[in-house]
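Here is the file upload_16.txt (compact mmCIF, C-alpha atoms).
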# COMPACT_ATOMS: atom_id res chain seq x y z
CA GLY A 674 0.00 0.00 0.00
CA ILE A 675 0.91 3.69 -0.11
CA ARG A 676 3.13 4.81 2.76
CA LYS A 677 4.68 8.16 1.86
CA PRO A 678 2.97 10.76 -0.38
CA VAL A 679 4.89 14.05 -0.75
CA ASN A 680 4.23 17.08 -2.98
CA ILE A 681 6.60 19.84 -4.02
CA GLN A 682 6.24 23.12 -5.90
CA VAL A 683 7.47 22.94 -9.50
CA SER A 684 8.52 25.48 -12.13
CA HIS A 685 5.24 26.51 -13.74
CA CYS A 686 2.52 28.92 -12.68
CA HIS A 687 1.51 29.72 -9.11
CA GLN A 688 0.40 26.72 -7.05
CA SER A 689 1.76 24.13 -9.47
CA TYR A 690 2.93 20.98 -7.73
CA GLY A 691 4.54 17.66 -8.53
CA VAL A 692 3.99 14.63 -6.35
CA CYS A 693 6.00 11.63 -5.23
CA VAL A 694 4.32 8.51 -3.84
CA GLU A 695 6.18 5.61 -2.27
CA GLY A 696 4.54 2.29 -1.55
CA LEU A 697 4.97 -1.38 -0.82
CA VAL A 698 4.30 -4.24 -3.21
CA SER A 699 4.71 -7.93 -2.41
CA THR A 700 4.94 -10.10 -5.54
CA VAL A 701 3.73 -9.03 -8.97
CA TYR A 702 2.52 -11.67 -11.41
CA ASP A 703 2.23 -11.38 -15.15
CA SER A 704 -1.47 -11.95 -15.90
CA ALA A 705 -0.64 -13.64 -19.20
CA HIS A 706 1.96 -15.94 -17.65
CA CYS A 707 1.07 -16.56 -14.03
CA ASP A 708 4.23 -18.58 -13.49
CA ASN A 709 6.38 -15.49 -14.10
CA ALA A 710 6.68 -13.48 -10.91
CA VAL A 711 8.68 -10.34 -10.25
CA GLU A 712 9.76 -9.46 -6.74
CA LEU A 713 9.09 -5.76 -6.19
CA PRO A 714 9.24 -5.00 -2.48
CA SER A 715 8.67 -1.26 -2.96
CA PHE A 716 7.99 1.33 -5.62
CA LYS A 717 8.39 5.07 -6.09
CA LEU A 718 6.09 6.93 -8.47
CA VAL A 719 6.70 10.57 -9.41
CA TYR A 720 4.27 12.81 -11.32
CA SER A 721 5.57 16.15 -12.57
CA GLY A 722 2.39 17.99 -13.46
CA ASP A 723 2.93 21.02 -15.75
CA THR A 724 6.50 22.22 -15.30
CA ARG A 725 9.86 23.16 -16.69
CA PRO A 726 12.70 20.80 -15.70
CA CYS A 727 12.82 21.18 -11.92
CA ASP A 728 15.79 20.36 -9.66
CA ARG A 729 13.51 20.02 -6.62
CA LEU A 730 11.48 17.34 -8.38
CA ILE A 731 14.64 15.52 -9.47
CA GLU A 732 15.92 15.40 -5.91
CA LEU A 733 12.56 14.31 -4.52
CA GLY A 734 12.17 11.53 -7.09
CA ARG A 735 15.70 10.15 -6.95
CA ASN A 736 15.78 6.47 -8.09
CA ALA A 737 12.08 6.47 -8.99
CA THR A 738 10.45 3.34 -10.34
CA ILE A 739 8.18 5.40 -12.59
CA LEU A 740 8.44 9.05 -13.59
CA ILE A 741 5.36 10.50 -15.32
CA HIS A 742 6.60 13.73 -16.87
CA GLU A 743 5.00 16.26 -19.16
CA ALA A 744 6.50 16.63 -22.64
CA THR A 745 4.34 19.31 -24.20
CA PHE A 746 6.61 20.28 -27.10
CA GLU A 747 8.98 18.65 -29.54
CA ASP A 748 12.62 19.70 -29.25
CA CYS A 749 12.53 22.26 -32.09
CA LEU A 750 9.98 24.32 -30.09
CA HIS A 751 12.27 24.89 -27.12
CA ALA A 752 11.70 28.67 -27.15
CA GLU A 753 7.95 28.13 -26.93
CA ALA A 754 8.43 25.66 -24.11
CA LEU A 755 10.40 28.30 -22.22
CA SER A 756 7.79 31.02 -22.75
CA LYS A 757 4.91 28.79 -21.67
CA ARG A 758 6.81 27.07 -18.86
CA HIS A 759 6.51 23.57 -20.24
CA SER A 760 9.07 20.89 -21.16
CA THR A 761 10.28 19.42 -24.42
CA ILE A 762 10.62 15.68 -24.98
CA SER A 763 14.41 15.71 -24.55
CA GLU A 764 14.15 17.83 -21.42
CA ALA A 765 11.74 15.33 -19.88
CA LEU A 766 14.12 12.50 -20.75
CA MET A 767 17.04 14.36 -19.16
CA VAL A 768 15.01 14.82 -15.97
CA ALA A 769 14.45 11.04 -15.95
CA LYS A 770 18.18 10.50 -16.49
CA GLN A 771 19.18 12.81 -13.64
CA MET A 772 16.54 11.22 -11.43
CA ASN A 773 17.77 7.73 -12.38
CA ALA A 774 14.19 6.66 -13.09
CA TYR A 775 13.63 3.06 -14.17
CA ARG A 776 10.85 4.08 -16.60
CA VAL A 777 9.65 7.48 -17.81
CA ILE A 778 6.10 7.89 -19.12
CA LEU A 779 5.73 11.01 -21.27
CA THR A 780 2.38 12.79 -21.26
CA HIS A 781 0.58 16.16 -21.72
CA PHE A 782 1.44 16.52 -25.42
CA SER A 783 0.43 19.68 -27.23
CA GLN A 784 -2.91 19.58 -29.03
CA ARG A 785 -1.01 20.22 -32.25
CA TYR A 786 0.04 16.55 -32.19
CA PRO A 787 -3.00 14.36 -32.96
CA GLY A 788 -0.67 11.36 -33.22
CA ILE A 789 2.71 10.57 -31.69
CA PRO A 790 4.91 13.70 -31.53
CA PRO A 791 7.78 13.73 -34.05
CA LEU A 792 10.55 11.46 -32.78
CA ASP A 793 12.75 11.10 -35.88
CA GLN A 794 15.73 12.63 -34.09
CA LEU A 795 15.29 10.44 -31.01
CA LEU A 796 14.57 6.98 -32.40
CA ILE A 797 17.94 6.05 -33.88
CA ASN A 798 18.60 2.66 -35.42
CA GLU A 799 21.44 0.55 -34.04
CA SER A 800 23.04 0.44 -37.51
CA ASP A 801 23.15 4.26 -37.61
CA ILE A 802 24.81 4.37 -34.22
CA GLN A 803 27.46 1.83 -35.21
CA ALA A 804 28.13 3.71 -38.44
CA ASN A 805 28.41 7.02 -36.52
CA ASN A 806 25.58 8.43 -38.61
CA SER A 807 23.38 9.29 -35.67
CA PRO A 808 22.05 12.85 -35.17
CA ASN A 809 23.77 15.10 -32.67
CA HIS A 810 22.12 13.85 -29.49
CA SER A 811 23.78 13.09 -26.23
CA ASP A 812 24.33 9.53 -25.07
CA GLU A 813 22.18 10.29 -22.03
CA ILE A 814 19.14 11.04 -24.19
CA GLN A 815 19.65 7.87 -26.23
CA GLU A 816 19.88 5.83 -23.04
CA MET A 817 16.59 7.21 -21.78
CA VAL A 818 14.81 6.55 -25.10
CA SER A 819 15.13 2.86 -24.22
CA ARG A 820 13.21 3.57 -20.98
CA MET A 821 10.54 5.79 -22.58
CA VAL A 822 6.80 5.07 -22.72
CA PHE A 823 4.05 7.24 -24.22
CA ALA A 824 0.83 7.87 -22.32
CA PHE A 825 -2.63 7.68 -23.88
CA ASP A 826 -6.09 8.39 -22.51
CA PHE A 827 -7.33 5.46 -20.42
CA MET A 828 -4.00 3.67 -20.69
CA SER A 829 -3.19 1.28 -17.85
CA LEU A 830 0.12 -0.38 -17.06
CA SER A 831 0.94 -3.06 -14.56
CA PHE A 832 4.33 -3.19 -12.92
CA VAL A 833 5.20 -6.21 -15.05
CA SER A 834 4.25 -4.26 -18.20
CA LEU A 835 7.02 -1.81 -17.42
CA LEU A 836 9.51 -4.49 -18.45
CA TRP A 837 8.46 -4.52 -22.11
CA ALA A 838 6.44 -1.30 -22.61
CA PRO A 839 9.33 0.79 -24.09
CA HIS A 840 9.70 -1.73 -26.92
CA TYR A 841 6.29 -0.68 -28.27
CA VAL A 842 7.24 2.97 -28.89
CA LYS A 843 8.45 2.37 -32.45
CA ALA A 844 5.31 0.39 -33.23
CA LEU A 845 3.15 3.22 -31.91
CA THR A 846 4.92 5.74 -34.14
CA ILE A 847 3.84 3.58 -37.10
CA ALA A 848 0.27 3.09 -35.86
CA PHE A 849 -0.16 6.77 -34.95
CA PRO A 850 2.28 8.64 -37.19
CA PRO A 851 3.00 12.33 -36.65
CA THR A 852 0.93 14.51 -38.95
CA ALA A 853 1.78 17.91 -40.38
CA LYS A 854 0.48 20.49 -37.97
CA ASP A 855 -1.91 23.14 -39.21
CA LYS A 856 -0.12 26.48 -39.13
CA ASP A 857 -3.39 28.19 -38.16
CA VAL A 858 -3.79 25.95 -35.10
CA GLU A 859 -1.69 27.07 -32.15
CA ASP A 860 -1.73 26.13 -28.52
CA VAL A 861 -3.83 28.24 -26.21
CA SER A 862 -1.43 29.71 -23.68
CA ASP A 863 -2.13 29.90 -19.97
CA ASN A 864 -2.46 33.69 -20.27
CA GLU A 865 -5.10 33.31 -22.97
CA LEU A 866 -7.02 30.84 -20.85
CA ASN A 867 -6.91 33.23 -17.91
CA GLN A 868 -8.06 36.07 -20.18
CA ASN A 869 -10.99 33.96 -21.37
CA ASP A 870 -11.97 33.29 -17.76
CA ALA A 871 -11.73 37.00 -16.97
CA ASN A 872 -13.91 37.88 -19.97
CA ALA A 873 -16.52 35.31 -18.93
CA GLN A 874 -16.60 36.69 -15.38
CA SER A 875 -16.96 40.24 -16.73
CA LYS A 876 -19.93 39.23 -18.90
CA ASN A 877 -21.59 37.52 -15.95
CA LYS A 878 -21.19 40.69 -13.84
CA GLN A 879 -22.71 42.79 -16.62
CA LYS A 880 -25.70 40.46 -16.85
CA ALA A 881 -26.16 40.60 -13.08
CA ALA A 882 -26.00 44.42 -13.12
CA LYS A 883 -28.64 44.63 -15.87
CA ALA A 884 -30.91 42.31 -13.90
CA ASP A 885 -30.63 44.57 -10.83
CA GLN A 886 -31.52 47.63 -12.92
CA CYS A 887 -34.60 46.02 -14.48
CA PRO A 888 -37.65 48.28 -13.87
CA CYS A 889 -39.96 45.30 -13.73
CA LYS A 890 -41.10 44.39 -10.25
CA ILE A 891 -42.85 41.26 -9.19
CA ASP A 892 -45.81 41.95 -6.94
CA THR A 893 -46.11 39.57 -4.07
CA PHE A 894 -49.65 38.43 -3.32
CA VAL A 895 -50.48 38.56 0.36
CA PRO A 896 -53.93 37.22 1.27
CA LYS A 897 -56.06 39.43 3.53
CA LYS A 898 -56.81 38.22 6.98
CA LYS A 899 -60.40 37.31 7.63
CA GLN A 900 -62.19 39.63 10.05
CA LYS A 901 -63.66 38.02 13.11
CA SER A 902 -67.47 38.19 13.11
Show this structure as structure tokens.
Amino acid sequence: GIRKPVNIQVSHCHQSYGVCVEGLVSTVYDSAHCDNAVELPSFKLVYSGDTRPCDRLIELGRNATILIHEATFEDCLHAEALSKRHSTISEALMVAKQMNAYRVILTHFSQRYPGIPPLDQLLINESDIQANNSPNHSDEIQEMVSRMVFAFDFMSLSFVSLLWAPHYVKALTIAFPPTAKDKDVEDVSDNELNQNDANAQSKNKQKAAKADQCPCKIDTFVPKKKQKS
């Protein structure tokens, strides 16, 4: 069961927090092969929430079993990630590397990516590496690609699934290929969302003010008391 939940403020907007949960597990069985058991006496799960790479979160989640980290933008949109206080895919992988996480589950992708975000520069073939034809990426990033899992709505993973889940990333990029983003479709920034909320509140106040100024009055019917005879 869960024994130690801790939250910590992360590098995003006000009152943004990441969380670390530690717990105890006895023996985990593979549902497909009940004879295969994995001894997992404890686990450590870290969830980043919306954030830039955060040293406090890295320290809190040291040696995590699972890191669930936001990866809103692809690497070429680093400037946009900075301005909106989100993380790129490579930044999320580096956080996992510094944390020494066993598995990193990437989530919170921008709405501009209806499929898997572009990963051409991350998923390098072994033959390219041996031939020294790989793109200019650090060895740390390439190491973490082998521990990377992509999150989907309603996705569930058992602890045993963590063993093989990263091997499905390349298959997912084929099943849900990246599509060319529409140049007219951009992410709605946090400031725009706040402005929309402010506009909605202003309209509600105006409606309430007009209702108070309405000249119409509702007469209340009060029955007359009967006179005693």
Practice task
Have a look at CA of Val692 (chain A) and CA of Met767 (chain A) and let me know their distance in Å, one decimal.
Solution key: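 Answer for the CA of Val692 (chain A) to CA of Met767 (chain A) separation: 18.3 Å.
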Practice task
May I have the residues within 12 Å of Ile681 (chain A) as a PyMOL selection string, using only C-alpha atoms and disregarding those fewer than 2 positions away in the same chain?
Solution key: chain A and resi 678-679+683-685+688-694+719-722+724+727-734
File dump, residues just selected, C-alpha atoms, as a tab-separated table (two decimals), keeping the file's coordinate frame:
chain	number	residue	atom	x	y	z
A	678	PRO	CA	2.97	10.76	-0.38
A	679	VAL	CA	4.89	14.05	-0.75
A	683	VAL	CA	7.47	22.94	-9.50
A	684	SER	CA	8.52	25.48	-12.13
A	685	HIS	CA	5.24	26.51	-13.74
A	688	GLN	CA	0.40	26.72	-7.05
A	689	SER	CA	1.76	24.13	-9.47
A	690	TYR	CA	2.93	20.98	-7.73
A	691	GLY	CA	4.54	17.66	-8.53
A	692	VAL	CA	3.99	14.63	-6.35
A	693	CYS	CA	6.00	11.63	-5.23
A	694	VAL	CA	4.32	8.51	-3.84
A	719	VAL	CA	6.70	10.57	-9.41
A	720	TYR	CA	4.27	12.81	-11.32
A	721	SER	CA	5.57	16.15	-12.57
A	722	GLY	CA	2.39	17.99	-13.46
A	724	THR	CA	6.50	22.22	-15.30
A	727	CYS	CA	12.82	21.18	-11.92
A	728	ASP	CA	15.79	20.36	-9.66
A	729	ARG	CA	13.51	20.02	-6.62
A	730	LEU	CA	11.48	17.34	-8.38
A	731	ILE	CA	14.64	15.52	-9.47
A	732	GLU	CA	15.92	15.40	-5.91
A	733	LEU	CA	12.56	14.31	-4.52
A	734	GLY	CA	12.17	11.53	-7.09
Problem - Polymer residues at most 9 Å from Ala848 (chain A), all atoms listed in the file, same-chain spacing of 3 or more positions, as number ranges by chain - result: A: 788-789, 843-845
Just-selected residues, C-alpha atoms written as a PDB file, in the coordinates of the input:
ATOM      1  CA  GLY A 788      -0.670  11.360 -33.220  1.00  0.00           C
ATOM      2  CA  ILE A 789       2.710  10.570 -31.690  1.00  0.00           C
ATOM      3  CA  LYS A 843       8.450   2.370 -32.450  1.00  0.00           C
ATOM      4  CA  ALA A 844       5.310   0.390 -33.230  1.00  0.00           C
ATOM      5  CA  LEU A 845       3.150   3.220 -31.910  1.00  0.00           C
TER       6      LEU A 845
END
Exercise for the section: Calculate how many Å separate CA of Met817 (chain A) from CA of Ser834 (chain A), rounding to one decimal. Expected result: 17.2 Å
Handout entry: Using only C-alpha atoms: which of A:Val833, A:Pro839, A:Ile778, A:Gly674 has the shortest distance to Ile741 (chain A)
Key =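 Using only C-alpha atoms, Ile741 (chain A) sits closest to A:Ile778.
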Handout entry: Long-range neighbours of region 774-776 of chain A as a list in words, 9 Å cut-off, all atoms listed in the file, 5 positions minimum in chain
Key = Gly734, Arg735, Asn736, Ala737, Thr738, Ile739, Leu740, Ile741, Val768, Ala769, Met817, Ser819, Arg820, Met821, Val822, Leu835, Leu836 and Pro839 of chain A
Practice task
Determine the nearest neighbour of Ile847 (chain A) from the options A:Ser783, A:Lys677, A:Pro790, A:Ser829, counting all atoms listed in the file.
Solution key: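 Of A:Ser783, A:Lys677, A:Pro790, A:Ser829, the one nearest Ile847 (chain A) is A:Pro790, counting all atoms listed in the file.
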Exercise for the section: Go ahead and compute the interatomic distance for CA of Glu816 (chain A) and CA of Ala838 (chain A), in Å to one decimal. Expected result: 15.2 Å
Practice task
Just the residues within 7 Å of Pro726 (chain A), please, counting all atoms listed in the file, with nothing from its chain fewer than 5 positions along; format it as a list in words.
Solution key: Ser760, Glu764, Ala765 and Val768 of chain A
